[in-house]
Every structure is written in C-alpha cells, then in structure tokens.
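Source file: query-v7.cif; contents: mmCIF, C-alpha atoms.
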data_input
loop_
_atom_site.group_PDB
_atom_site.id
_atom_site.type_symbol
_atom_site.label_atom_id
_atom_site.label_comp_id
_atom_site.auth_asym_id
_atom_site.auth_seq_id
_atom_site.Cartn_x
_atom_site.Cartn_y
_atom_site.Cartn_z
ATOM 1 C CA MET H 177 70.455 88.878 80.687
ATOM 2 C CA SER H 178 72.725 87.113 78.239
ATOM 3 C CA VAL H 179 70.084 84.457 77.541
ATOM 4 C CA ALA H 180 67.467 87.210 77.205
ATOM 5 C CA TYR H 181 69.656 88.992 74.659
ATOM 6 C CA LEU H 182 69.988 85.731 72.767
ATOM 7 C CA ALA H 183 66.202 85.567 72.502
ATOM 8 C CA LEU H 184 65.899 89.290 71.781
ATOM 9 C CA PHE H 185 68.392 89.391 68.931
ATOM 10 C CA TYR H 186 67.557 85.975 67.492
ATOM 11 C CA GLU H 187 67.681 85.729 63.711
ATOM 12 C CA SER H 188 66.886 82.625 61.748
ATOM 13 C CA SER H 189 70.135 82.266 59.830
ATOM 14 C CA GLU H 190 73.090 79.867 59.690
ATOM 15 C CA GLY H 191 75.503 82.502 60.941
ATOM 16 C CA PHE H 192 73.499 82.932 64.122
ATOM 17 C CA ILE H 193 74.767 79.598 65.461
ATOM 18 C CA ALA H 194 78.092 81.248 66.347
ATOM 19 C CA VAL H 195 76.335 84.291 67.800
ATOM 20 C CA SER H 196 74.089 82.158 69.997
ATOM 21 C CA ALA H 197 77.096 80.081 71.080
ATOM 22 C CA PHE H 198 78.881 83.210 72.315
ATOM 23 C CA TYR H 199 75.763 84.491 74.126
ATOM 24 C CA MET H 200 75.526 81.076 75.796
ATOM 25 C CA LEU H 201 79.243 81.185 76.659
ATOM 26 C CA ALA H 202 78.790 84.539 78.393
ATOM 27 C CA ALA H 203 75.734 83.163 80.206
ATOM 28 C CA VAL H 204 77.673 80.089 81.366
ATOM 29 C CA LEU H 205 80.546 82.244 82.649
ATOM 30 C CA PHE H 206 78.086 84.418 84.589
ATOM 31 C CA PHE H 207 76.414 81.314 86.063
ATOM 32 C CA ALA H 208 79.804 79.895 87.031
ATOM 33 C CA LEU H 209 80.790 83.178 88.651
ATOM 34 C CA ALA H 210 77.520 83.270 90.557
ATOM 35 C CA GLY H 211 78.259 79.755 91.792
ATOM 36 C CA ALA H 212 81.413 81.010 93.459
ATOM 37 C CA PHE H 213 79.406 83.325 95.722
ATOM 38 C CA VAL H 214 76.962 80.760 97.123
ATOM 39 C CA LYS H 215 77.491 79.012 100.445
ATOM 40 C CA GLY H 216 80.015 76.235 99.859
ATOM 41 C CA GLY H 217 81.085 77.803 96.572
ATOM 42 C CA GLN H 218 83.807 76.109 94.580
ATOM 43 C CA TRP H 219 86.358 78.861 94.048
ATOM 44 C CA LYS H 220 88.680 81.061 96.031
ATOM 45 C CA TRP H 221 88.617 84.816 95.575
ATOM 46 C CA ARG H 222 91.493 84.902 93.063
ATOM 47 C CA VAL H 223 89.958 82.267 90.807
ATOM 48 C CA ALA H 224 86.573 83.996 90.851
ATOM 49 C CA LEU H 225 88.278 87.291 90.005
ATOM 50 C CA PHE H 226 90.128 85.671 87.114
ATOM 51 C CA VAL H 227 86.859 84.240 85.754
ATOM 52 C CA SER H 228 85.246 87.675 85.926
ATOM 53 C CA PHE H 229 88.182 89.107 83.924
ATOM 54 C CA LEU H 230 87.748 86.263 81.458
ATOM 55 C CA ASN H 231 84.060 87.089 81.191
ATOM 56 C CA ILE H 232 84.732 90.777 80.510
ATOM 57 C CA GLY H 233 87.331 89.804 77.893
ATOM 58 C CA VAL H 234 84.920 87.442 76.146
ATOM 59 C CA VAL H 235 82.155 90.070 76.030
ATOM 60 C CA VAL H 236 84.530 92.777 74.721
ATOM 61 C CA ALA H 237 85.892 90.344 72.104
ATOM 62 C CA CYS H 238 82.353 89.429 71.013
ATOM 63 C CA ILE H 239 81.399 93.108 70.649
ATOM 64 C CA ALA H 240 84.574 93.790 68.632
ATOM 65 C CA ALA H 241 83.970 90.750 66.429
ATOM 66 C CA GLY H 242 80.387 91.866 65.820
ATOM 67 C CA TYR H 243 78.739 88.859 67.482
ATOM 68 C CA PHE H 244 77.088 90.888 70.270
ATOM 69 C CA ASP H 245 74.871 93.917 69.987
ATOM 70 C CA GLN H 246 76.919 96.867 71.272
ATOM 71 C CA THR H 247 74.382 98.135 73.804
ATOM 72 C CA ALA H 248 73.662 94.640 75.098
ATOM 73 C CA GLY H 249 77.371 93.907 75.406
ATOM 74 C CA ALA H 250 78.026 97.224 77.127
ATOM 75 C CA LEU H 251 75.376 96.392 79.743
ATOM 76 C CA LEU H 252 76.982 92.998 80.354
ATOM 77 C CA ILE H 253 80.380 94.682 80.790
ATOM 78 C CA VAL H 254 78.941 97.227 83.252
ATOM 79 C CA LEU H 255 77.346 94.368 85.193
ATOM 80 C CA ASN H 256 80.638 92.489 85.286
ATOM 81 C CA VAL H 257 82.622 95.557 86.330
ATOM 82 C CA CYS H 258 80.132 95.999 89.204
ATOM 83 C CA ILE H 259 80.814 92.378 90.211
ATOM 84 C CA VAL H 260 84.584 93.043 90.135
ATOM 85 C CA ILE H 261 84.119 96.163 92.309
ATOM 86 C CA LEU H 262 82.048 94.134 94.775
ATOM 87 C CA MET H 263 84.686 91.429 94.785
ATOM 88 C CA THR H 264 87.442 93.879 95.696
ATOM 89 C CA MET H 265 85.658 94.703 98.947
ATOM 90 C CA PRO H 266 87.383 93.096 101.943
ATOM 91 C CA ALA H 267 84.207 91.356 103.166
ATOM 92 C CA SER H 268 83.709 89.659 99.751
ATOM 93 C CA ARG H 269 87.279 88.440 99.792
ATOM 94 C CA ARG H 270 86.893 87.045 103.308
ATOM 95 C CA TRP H 271 83.626 85.340 102.322
ATOM 96 C CA LEU H 272 85.103 83.696 99.221
ATOM 97 C CA ASP H 273 88.416 82.692 100.789
ATOM 98 C CA ALA H 274 86.872 81.358 103.975
ATOM 99 C CA ARG H 275 84.892 78.548 102.369
ATOM 100 C CA ALA H 276 86.861 77.390 99.335
ATOM 101 C CA MET Z 46 123.768 91.567 97.335
ATOM 102 C CA HIS Z 47 121.038 94.121 97.699
ATOM 103 C CA MET Z 48 121.262 97.427 95.895
ATOM 104 C CA ARG Z 49 122.268 100.115 98.348
ATOM 105 C CA LYS Z 50 120.290 102.884 96.769
ATOM 106 C CA PRO Z 51 117.124 101.572 95.147
ATOM 107 C CA LEU Z 52 116.120 103.621 92.146
ATOM 108 C CA ASN Z 53 113.014 101.677 91.179
ATOM 109 C CA VAL Z 54 110.780 104.765 91.026
ATOM 110 C CA ALA Z 55 113.304 106.677 88.918
ATOM 111 C CA PHE Z 56 113.740 103.816 86.434
ATOM 112 C CA ALA Z 57 109.986 103.197 86.294
ATOM 113 C CA TRP Z 58 109.690 106.643 84.717
ATOM 114 C CA PHE Z 59 111.586 105.296 81.699
ATOM 115 C CA GLY Z 60 108.513 103.153 80.958
ATOM 116 C CA ILE Z 61 106.184 106.147 81.249
ATOM 117 C CA ALA Z 62 108.598 108.196 79.098
ATOM 118 C CA ALA Z 63 108.644 105.463 76.427
ATOM 119 C CA VAL Z 64 104.851 105.528 76.225
ATOM 120 C CA ALA Z 65 104.806 109.343 76.123
ATOM 121 C CA VAL Z 66 107.457 109.465 73.373
ATOM 122 C CA PHE Z 67 105.559 106.895 71.312
ATOM 123 C CA ILE Z 68 102.227 108.713 71.634
ATOM 124 C CA VAL Z 69 103.668 112.155 70.856
ATOM 125 C CA SER Z 70 105.638 110.836 67.845
ATOM 126 C CA PHE Z 71 102.634 108.877 66.616
ATOM 127 C CA ILE Z 72 100.273 111.859 66.805
ATOM 128 C CA ALA Z 73 102.842 114.076 65.066
ATOM 129 C CA ALA Z 74 103.382 111.427 62.363
ATOM 130 C CA LEU Z 75 99.623 111.142 61.865
ATOM 131 C CA ALA Z 76 99.310 114.909 61.520
ATOM 132 C CA LEU Z 77 101.947 114.941 58.786
ATOM 133 C CA ASP Z 78 100.434 112.014 56.863
ATOM 134 C CA PRO Z 79 96.668 112.490 56.579
ATOM 135 C CA GLY Z 80 96.475 109.558 54.145
ATOM 136 C CA TRP Z 81 97.022 107.077 56.970
ATOM 137 C CA VAL Z 82 93.725 105.484 58.070
ATOM 138 C CA LEU Z 83 93.281 103.457 61.274
ATOM 139 C CA GLY Z 84 92.195 99.929 60.446
ATOM 140 C CA GLU Z 85 93.152 100.190 56.769
ATOM 141 C CA ASN Z 86 96.871 100.986 57.008
ATOM 142 C CA THR Z 87 99.328 99.210 59.263
ATOM 143 C CA LEU Z 88 101.560 101.197 61.625
ATOM 144 C CA SER Z 89 104.516 100.249 59.446
ATOM 145 C CA ASP Z 90 102.977 102.230 56.568
ATOM 146 C CA LEU Z 91 103.858 105.403 58.494
ATOM 147 C CA GLY Z 92 107.497 104.271 58.456
ATOM 148 C CA ALA Z 93 107.414 104.000 54.664
ATOM 149 C CA SER Z 94 105.519 107.233 54.069
ATOM 150 C CA ASP Z 95 106.583 109.846 51.490
ATOM 151 C CA THR Z 96 106.191 112.593 54.085
ATOM 152 C CA ASP Z 97 108.236 113.509 57.184
ATOM 153 C CA SER Z 98 106.063 111.191 59.240
ATOM 154 C CA ARG Z 99 108.514 108.524 58.101
ATOM 155 C CA LEU Z 100 111.222 110.118 60.267
ATOM 156 C CA LEU Z 101 108.912 110.655 63.211
ATOM 157 C CA PHE Z 102 107.712 107.041 63.127
ATOM 158 C CA ASN Z 103 111.083 105.397 62.582
ATOM 159 C CA TYR Z 104 113.072 107.570 65.003
ATOM 160 C CA GLY Z 105 110.386 108.467 67.549
ATOM 161 C CA CYS Z 106 107.916 105.581 67.670
ATOM 162 C CA CYS Z 107 110.501 102.880 67.061
ATOM 163 C CA MET Z 108 114.100 103.751 67.914
ATOM 164 C CA LEU Z 109 113.783 106.215 70.806
ATOM 165 C CA THR Z 110 110.859 104.291 72.302
ATOM 166 C CA ALA Z 111 112.877 101.063 71.981
ATOM 167 C CA VAL Z 112 115.853 102.531 73.874
ATOM 168 C CA LEU Z 113 113.616 103.746 76.708
ATOM 169 C CA LEU Z 114 111.745 100.426 76.802
ATOM 170 C CA ALA Z 115 115.022 98.484 76.924
ATOM 171 C CA VAL Z 116 116.177 100.515 79.949
ATOM 172 C CA PHE Z 117 112.790 100.027 81.600
ATOM 173 C CA GLY Z 118 112.717 96.281 80.803
ATOM 174 C CA PHE Z 119 116.225 95.740 82.161
ATOM 175 C CA THR Z 120 115.602 97.663 85.366
ATOM 176 C CA SER Z 121 112.187 96.088 85.945
ATOM 177 C CA SER Z 122 113.977 92.750 85.665
ATOM 178 C CA VAL Z 123 116.572 93.893 88.217
ATOM 179 C CA TYR Z 124 114.009 95.334 90.633
ATOM 180 C CA SER Z 125 111.524 92.478 90.215
ATOM 181 C CA ALA Z 126 109.969 90.758 93.187
ATOM 182 C CA ASN Z 127 109.351 87.442 91.411
ATOM 183 C CA ASN Z 128 110.597 85.346 88.507
ATOM 184 C CA ALA Z 129 107.648 86.177 86.227
ATOM 185 C CA THR Z 130 108.464 89.898 86.276
ATOM 186 C CA ARG Z 131 112.162 89.104 85.922
ATOM 187 C CA PHE Z 132 111.606 87.148 82.705
ATOM 188 C CA ALA Z 133 109.018 89.698 81.537
ATOM 189 C CA GLY Z 134 111.711 92.364 81.745
ATOM 190 C CA ILE Z 135 114.118 90.216 79.728
ATOM 191 C CA ALA Z 136 111.432 89.572 77.093
ATOM 192 C CA MET Z 137 110.770 93.308 76.955
ATOM 193 C CA VAL Z 138 114.464 94.025 76.308
ATOM 194 C CA ILE Z 139 114.432 91.512 73.420
ATOM 195 C CA ALA Z 140 111.186 93.058 72.098
ATOM 196 C CA ALA Z 141 112.818 96.504 72.332
ATOM 197 C CA VAL Z 142 115.767 95.306 70.245
ATOM 198 C CA PHE Z 143 113.378 94.168 67.524
ATOM 199 C CA LEU Z 144 111.380 97.408 67.811
ATOM 200 C CA PHE Z 145 114.619 99.324 67.207
ATOM 201 C CA MET Z 146 115.227 97.150 64.141
ATOM 202 C CA VAL Z 147 111.688 97.868 62.881
ATOM 203 C CA GLY Z 148 112.752 101.520 62.757
ATOM 204 C CA LEU Z 149 115.977 100.649 60.954
ATOM 205 C CA VAL Z 150 114.429 98.331 58.378
ATOM 206 C CA ALA Z 151 111.357 100.162 57.069
ATOM 207 C CA LYS Z 152 108.528 98.483 55.192
ATOM 208 C CA ASP Z 153 109.797 99.746 51.811
ATOM 209 C CA PHE Z 154 113.208 98.094 52.323
ATOM 210 C CA GLU Z 155 113.565 95.612 49.425
ATOM 211 C CA ASP Z 156 110.365 93.540 49.231
ATOM 212 C CA GLY Z 157 109.379 94.101 52.882
ATOM 213 C CA THR Z 158 110.000 90.498 53.967
ATOM 214 C CA ALA Z 159 112.755 91.460 56.402
ATOM 215 C CA HIS Z 160 110.557 94.159 57.950
ATOM 216 C CA ASN Z 161 107.629 91.767 58.371
ATOM 217 C CA LEU Z 162 109.842 89.118 59.951
ATOM 218 C CA ILE Z 163 111.305 91.619 62.413
ATOM 219 C CA SER Z 164 107.933 93.122 63.308
ATOM 220 C CA TYR Z 165 106.331 89.682 63.842
ATOM 221 C CA THR Z 166 109.236 88.754 66.144
ATOM 222 C CA PHE Z 167 108.750 92.038 68.012
ATOM 223 C CA PHE Z 168 105.064 91.273 68.537
ATOM 224 C CA LEU Z 169 105.864 87.728 69.672
ATOM 225 C CA PHE Z 170 108.260 88.924 72.375
ATOM 226 C CA ALA Z 171 105.922 91.784 73.334
ATOM 227 C CA LEU Z 172 103.142 89.203 73.793
ATOM 228 C CA ILE Z 173 105.402 86.992 75.932
ATOM 229 C CA SER Z 174 106.426 90.019 77.984
ATOM 230 C CA VAL Z 175 102.822 91.149 78.565
ATOM 231 C CA CYS Z 176 101.747 87.614 79.594
ATOM 232 C CA LEU Z 177 104.669 87.353 82.026
ATOM 233 C CA TYR Z 178 103.983 90.815 83.453
ATOM 234 C CA ALA Z 179 100.364 89.743 84.038
ATOM 235 C CA GLY Z 180 101.670 86.700 85.926
ATOM 236 C CA GLY Z 181 104.039 88.950 87.868
ATOM 237 C CA PHE Z 182 101.251 91.308 88.922
ATOM 238 C CA TRP Z 183 99.180 88.309 89.988
ATOM 239 C CA LEU Z 184 102.030 86.879 92.083
ATOM 240 C CA ASN Z 185 102.689 90.310 93.590
ATOM 241 C CA GLY Z 186 99.116 90.340 94.914
ATOM 242 C CA ARG Z 187 97.993 93.013 92.436
ATOM 243 C CA GLU Z 188 95.247 91.015 90.788
ATOM 244 C CA LEU Z 189 93.336 94.007 89.423
ATOM 245 C CA MET Z 190 96.425 95.122 87.502
ATOM 246 C CA ALA Z 191 96.710 91.614 86.039
ATOM 247 C CA GLY Z 192 93.132 91.902 84.820
ATOM 248 C CA VAL Z 193 93.998 94.561 82.245
ATOM 249 C CA PRO Z 194 96.343 92.384 80.110
ATOM 250 C CA VAL Z 195 94.001 89.387 80.489
ATOM 251 C CA ILE Z 196 91.005 91.353 79.202
ATOM 252 C CA ALA Z 197 93.074 93.055 76.489
ATOM 253 C CA LEU Z 198 94.486 89.777 75.133
ATOM 254 C CA ILE Z 199 91.053 88.150 74.864
ATOM 255 C CA ALA Z 200 89.505 91.307 73.402
ATOM 256 C CA LEU Z 201 92.212 91.497 70.716
ATOM 257 C CA ILE Z 202 91.072 88.122 69.343
ATOM 258 C CA GLY Z 203 87.662 89.693 68.710
ATOM 259 C CA VAL Z 204 89.295 92.744 67.141
ATOM 260 C CA TYR Z 205 91.155 90.496 64.693
ATOM 261 C CA ILE Z 206 87.957 88.649 63.731
ATOM 262 C CA GLY Z 207 85.958 91.861 63.393
ATOM 263 C CA TYR Z 208 88.420 94.313 61.877
ATOM 264 C CA GLY Z 209 91.413 92.413 60.504
ATOM 265 C CA LEU Z 210 95.172 92.544 60.931
ATOM 266 C CA ALA Z 211 95.735 96.298 60.506
ATOM 267 C CA MET Z 212 93.366 97.193 63.347
ATOM 268 C CA LEU Z 213 94.718 94.327 65.472
ATOM 269 C CA GLU Z 214 98.276 95.643 65.062
ATOM 270 C CA ALA Z 215 97.352 99.195 66.043
ATOM 271 C CA LEU Z 216 95.231 98.185 69.039
ATOM 272 C CA ALA Z 217 97.768 95.553 70.159
ATOM 273 C CA VAL Z 218 100.447 98.242 70.305
ATOM 274 C CA PHE Z 219 98.207 100.550 72.336
ATOM 275 C CA ALA Z 220 97.224 97.677 74.655
ATOM 276 C CA ALA Z 221 100.935 96.941 75.127
ATOM 277 C CA LEU Z 222 101.555 100.618 75.963
ATOM 278 C CA ILE Z 223 98.842 100.488 78.632
ATOM 279 C CA CYS Z 224 100.508 97.358 80.032
ATOM 280 C CA VAL Z 225 103.860 99.202 80.132
ATOM 281 C CA VAL Z 226 102.255 102.018 82.159
ATOM 282 C CA ILE Z 227 100.784 99.435 84.561
ATOM 283 C CA ALA Z 228 104.145 97.653 84.790
ATOM 284 C CA ALA Z 229 105.783 100.991 85.592
ATOM 285 C CA ALA Z 230 103.197 101.614 88.313
ATOM 286 C CA ASP Z 231 103.849 98.107 89.677
ATOM 287 C CA MET Z 232 107.594 98.788 89.685
ATOM 288 C CA MET Z 233 107.060 102.077 91.541
ATOM 289 C CA MET Z 234 104.949 100.342 94.186
ATOM 290 C CA THR Z 235 107.254 97.329 94.600
ATOM 291 C CA LYS Z 236 109.102 97.635 97.871
ATOM 292 C CA PRO Z 237 112.796 98.118 97.054
ATOM 293 C CA GLY Z 238 114.857 95.162 98.119
ATOM 294 C CA ALA Z 239 111.905 92.758 98.061
ATOM 295 C CA GLY Z 240 113.493 90.460 95.561
ATOM 296 C CA ILE Z 241 116.618 92.239 94.386
ATOM 297 C CA THR Z 242 119.704 90.112 94.046
ATOM 298 C CA VAL Z 243 122.206 92.030 91.943
#

Transcribe the structure of this file into structure tokens.
Amino acid sequence: MSVAYLALFYESSEGFIAVSAFYMLAAVLFFALAGAFVKGGQWKWRVALFVSFLNIGVVVACIAAGYFDQTAGALLIVLNVCIVILMTMPASRRWLDARA
Amino acid sequence: MHMRKPLNVAFAWFGIAAVAVFIVSFIAALALDPGWVLGENTLSDLGASDTDSRLLFNYGCCMLTAVLLAVFGFTSSVYSANNATRFAGIAMVIAAVFLFMVGLVAKDFEDGTAHNLISYTFFLFALISVCLYAGGFWLNGRELMAGVPVIALIALIGVYIGYGLAMLEALAVFAALICVVIAAADMMMTKPGAGITV
C-alpha cells in the first residue's frame, strides 16, 4: 500500500525525493514486520512489536510533517494497529516466540 | 526492608491528580486569554499574559502540578519494580522542580533567558523520564504501554518539522501528561513489594 501511495501521489519535483524516501521507509518497515511472521522468522514477539510501534510512529510523524497524504497515512496506521491487535493474541505470541 | 502497608494505588492517584489539575488550569487559562493560539503562541505566553490566565498558568499548570508530580515521581521510584522506573521517578522529581521554577520565573522576567533555560531543562528531564518509564513498562512485561511513549516521541519529530516549536511544545506537554497517566496505571497494577527496598 505504501508503494502504491508513492505511485499515486507522485509529483515531479525536487521536494518529492524526501516524500518518496519516507513512503519507502514505511514500506520497508512493513516488509520487515511481515518477515517476522513467516516460518523461521528472524524476530521474537517483543522485537516485532517494537518495530510495529516504530512503524506507527514513523507514519504519524510523516503525516504531521506533511510528507504523507492524511487519508493514506491514516489507512497505514489502521493497518498497523490491526497488526498490533493480532500480535497481542496469545497464539501470535506463541508462534513468534517459538521459532526465533 | 519491605513497606508494611503498600500505598502504591493511593500515591498513583497523585499522578492522575497532577494531570487533572494541569488540564483544568490550562482550559481555564485559555478561557481567560482568547488571544492565545495553539501553534502560534508557546505555553509560556500564558504565564506572561496581561489577564488572570497568568495566575492560573503559573500557579495551576506549573506550581501545583509540579508538587503533585514530584510526589508521584518520588513514590513511583519507591514502589518501582525495576531500575528503569526507579530512575524515571527520580528524573520526574527533577523535572517537577524545574516545572515549579517555570511558574516562578515567568517569560516576561527580565529578557526571558532565565525562563527559557529553566523550561528547556524541564523538557530535557521530562524526556529522560518518559524514555525511562517506557523502558520500565517494557521490563515489567507491559509492552503495549511502552508503545505509547515510543510512538509519541517519533511523532513529535514530525510535529516539529511540520508545525514548528510552539506546536511541538504544546503537544510534547500533552504527550507527557498521557505518559504520566500510563505510569500511574502501571504503578497501580504493580504488585506491592515486587521490588520495594525502602
């Protein structure tokens, strides 16, 4: 979604380099978080949770700084909050802690 | 030795009371000074206002809040279950001392340098305290509580870039108040005697 937003809100200007960098940063954090859930994932539950907090913080900061479109950013936050809720479920915690 | 009669829940209410006193005083001060604009004026401008909001800000938002925060910081340090919360409480007491001084030395005192120095020191210790509380929540196994200061601290960087120092100051104070409420909740839920050595 973050990469899609980057394409959607693309403007041909010098200032857009920073904007695209932050969209890419959010995308990278989401990819990294997704990597924690796969079989043989690299992180324990606490680390994955911290990265999801980091991701929410980055998106909120980018909205406040005016780098992200507000609606697009809000959707990313909702998505990340859903991930955090899923992560708080006991089965998710067992799954993440069992393999790392 | 362990405290015989743990009063962690009772002392945690000092944190909630500090937040309540600040919010009530702030709203009352805002009502009396309609010229104050969020994002354009700093909080300290209320303390140097020509209206009665000066009294409400200096006595209510700063001095009374500082006294309550100092009691809360000290007791949260005493009732802490780990070293991070212990040092967070100490940092909060130091921050409260500087908050009290912010009320004493208003922005219109001389050229305002003393006020700025004191308020920057207050924010520095408040930041240290919030970071340590986040670590304390994390070590206590309350990771979701730790998420709030983490998100708030990162988000405030964006606020500074987007809106400037005045907005950052106002939102940083309100983020700190939310962290105090969470710290109070953490203190209420901490099992008395878990790490108390007074």

Identify every residue of chain Z that has at least one atom within 9 Å of any atom of chain H, counting all atoms listed in the file, and report the result as a PyMOL selection string.
chain Z and resi 183+188-189+191-193+195-208

Expand the PyMOL selection byres ((chain Z and resi 218) around 12) into the explicit residue set it covers here, and present it as JSON, numbers by chain.
{"Z": [64, 67, 68, 71, 87, 88, 89, 106, 107, 144, 164, 167, 168, 169, 171, 172, 175, 197, 198, 201, 211, 212, 213, 214, 215, 216, 217, 219, 220, 221, 222, 223, 224, 225]}

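Taking CA of Met200 in chain H and CA of Asn256 in chain H as endpoints, the distance between them is 15.7 Å.
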
Close residues, Ile139 in chain Z itself excluded, 12 Å, all atoms listed in the file, min 3 positions apart in chain, as a CSV table (one decimal) with C-alpha atoms, in the frame of the given file:
chain,number,residue,atom,x,y,z
Z,111,ALA,CA,112.9,101.1,72.0
Z,112,VAL,CA,115.9,102.5,73.9
Z,114,LEU,CA,111.7,100.4,76.8
Z,115,ALA,CA,115.0,98.5,76.9
Z,116,VAL,CA,116.2,100.5,79.9
Z,117,PHE,CA,112.8,100.0,81.6
Z,118,GLY,CA,112.7,96.3,80.8
Z,119,PHE,CA,116.2,95.7,82.2
Z,132,PHE,CA,111.6,87.1,82.7
Z,133,ALA,CA,109.0,89.7,81.5
Z,134,GLY,CA,111.7,92.4,81.7
Z,135,ILE,CA,114.1,90.2,79.7
Z,136,ALA,CA,111.4,89.6,77.1
Z,142,VAL,CA,115.8,95.3,70.2
Z,143,PHE,CA,113.4,94.2,67.5
Z,144,LEU,CA,111.4,97.4,67.8
Z,145,PHE,CA,114.6,99.3,67.2
Z,146,MET,CA,115.2,97.2,64.1
Z,163,ILE,CA,111.3,91.6,62.4
Z,166,THR,CA,109.2,88.8,66.1
Z,167,PHE,CA,108.8,92.0,68.0
Z,168,PHE,CA,105.1,91.3,68.5
Z,169,LEU,CA,105.9,87.7,69.7
Z,170,PHE,CA,108.3,88.9,72.4
Z,171,ALA,CA,105.9,91.8,73.3
Z,172,LEU,CA,103.1,89.2,73.8
Z,173,ILE,CA,105.4,87.0,75.9
Z,174,SER,CA,106.4,90.0,78.0

I'd like the contact shell of Gly157 in chain Z - 12 Å cut-off, only C-alpha atoms, skipping same-chain residues fewer than 4 positions apart - returned as a PyMOL selection string.
chain Z and resi 89-90+92-93+147+150-153+161-164

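The two atoms in question, CA of Ser98 in chain Z and CA of Val69 in chain Z, are spaced 11.9 Å apart.
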
Atom-to-atom span, CA of Ala210 in chain H and CA of Leu272 in chain H, Å
11.5 Å

Non-local contacts of Thr120 in chain Z (12 Å; all atoms listed in the file; under 6 positions in same chain excluded) as an MDAnalysis selection string:
chainID Z and resid 48 51:60 113:114 126 130:135 137:138 228:229 232:233 241 243

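For Arg269 in chain H, the residues within 12 Å (counting all atoms listed in the file, excluding itself and residues fewer than 2 positions away along the chain) are Ala212, Phe213, Trp219, Lys220, Trp221, Arg222, Val223, Ala224, Leu225, Val260, Ile261, Leu262, Met263, Thr264, Met265, Pro266, Ala267, Trp271, Leu272, Asp273, Ala274, Arg275 and Ala276 of chain H.
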
Near Leu201 in chain H, counting all atoms listed in the file, which residues have an atom at most 9 Å away, once you skip same-chain residues fewer than 4 positions from it, shown as a PyMOL selection string?
chain H and resi 178+196-197+205-206+231+234

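Proximity to Leu149 in chain Z was assessed for Z:Leu100, Z:Leu184, Z:Ala129, Z:Leu177 counting only C-alpha atoms; the smallest distance is recorded for Z:Leu100.
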
Please complete range 103-118 of chain Z with N, CA, C and O atoms and give it back as a compact mmCIF listing (two decimals), in the frame of the given file.
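Written file, rebuild16.txt:
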# COMPACT_ATOMS: atom_id res chain seq x y z
N ASN Z 103 109.89 106.26 62.45
CA ASN Z 103 111.08 105.40 62.58
C ASN Z 103 111.98 105.80 63.75
O ASN Z 103 112.47 104.95 64.48
N TYR Z 104 112.19 107.12 63.90
CA TYR Z 104 113.07 107.57 65.00
C TYR Z 104 112.34 107.68 66.34
O TYR Z 104 112.86 107.27 67.37
N GLY Z 105 111.13 108.24 66.30
CA GLY Z 105 110.39 108.47 67.55
C GLY Z 105 109.67 107.23 68.06
O GLY Z 105 109.96 106.74 69.16
N CYS Z 106 108.74 106.72 67.22
CA CYS Z 106 107.92 105.58 67.67
C CYS Z 106 108.73 104.30 67.83
O CYS Z 106 108.39 103.47 68.66
N CYS Z 107 109.76 104.14 67.00
CA CYS Z 107 110.50 102.88 67.06
C CYS Z 107 111.81 103.01 67.85
O CYS Z 107 111.94 102.43 68.92
N MET Z 108 112.75 103.79 67.33
CA MET Z 108 114.10 103.75 67.91
C MET Z 108 114.17 104.34 69.31
O MET Z 108 114.65 103.69 70.25
N LEU Z 109 113.70 105.57 69.48
CA LEU Z 109 113.78 106.22 70.81
C LEU Z 109 112.93 105.46 71.83
O LEU Z 109 113.36 105.22 72.97
N THR Z 110 111.73 105.07 71.41
CA THR Z 110 110.86 104.29 72.30
C THR Z 110 111.54 102.98 72.69
O THR Z 110 111.47 102.56 73.86
N ALA Z 111 112.21 102.35 71.72
CA ALA Z 111 112.88 101.06 71.98
C ALA Z 111 113.98 101.22 73.02
O ALA Z 111 114.12 100.38 73.91
N VAL Z 112 114.76 102.31 72.92
CA VAL Z 112 115.85 102.53 73.87
C VAL Z 112 115.29 102.70 75.29
O VAL Z 112 115.75 102.08 76.25
N LEU Z 113 114.23 103.51 75.40
CA LEU Z 113 113.62 103.75 76.71
C LEU Z 113 113.00 102.46 77.26
O LEU Z 113 113.10 102.16 78.45
N LEU Z 114 112.36 101.69 76.37
CA LEU Z 114 111.74 100.43 76.80
C LEU Z 114 112.80 99.42 77.25
O LEU Z 114 112.58 98.66 78.20
N ALA Z 115 113.95 99.42 76.56
CA ALA Z 115 115.02 98.48 76.92
C ALA Z 115 115.54 98.80 78.32
O ALA Z 115 115.76 97.90 79.14
N VAL Z 116 115.72 100.11 78.61
CA VAL Z 116 116.18 100.52 79.95
C VAL Z 116 115.14 100.11 80.99
O VAL Z 116 115.46 99.54 82.04
N PHE Z 117 113.87 100.37 80.66
CA PHE Z 117 112.79 100.03 81.60
C PHE Z 117 112.71 98.51 81.81
O PHE Z 117 112.59 98.04 82.94
N GLY Z 118 112.80 97.75 80.71
CA GLY Z 118 112.72 96.28 80.80
C GLY Z 118 113.85 95.71 81.65
O GLY Z 118 113.62 94.87 82.52
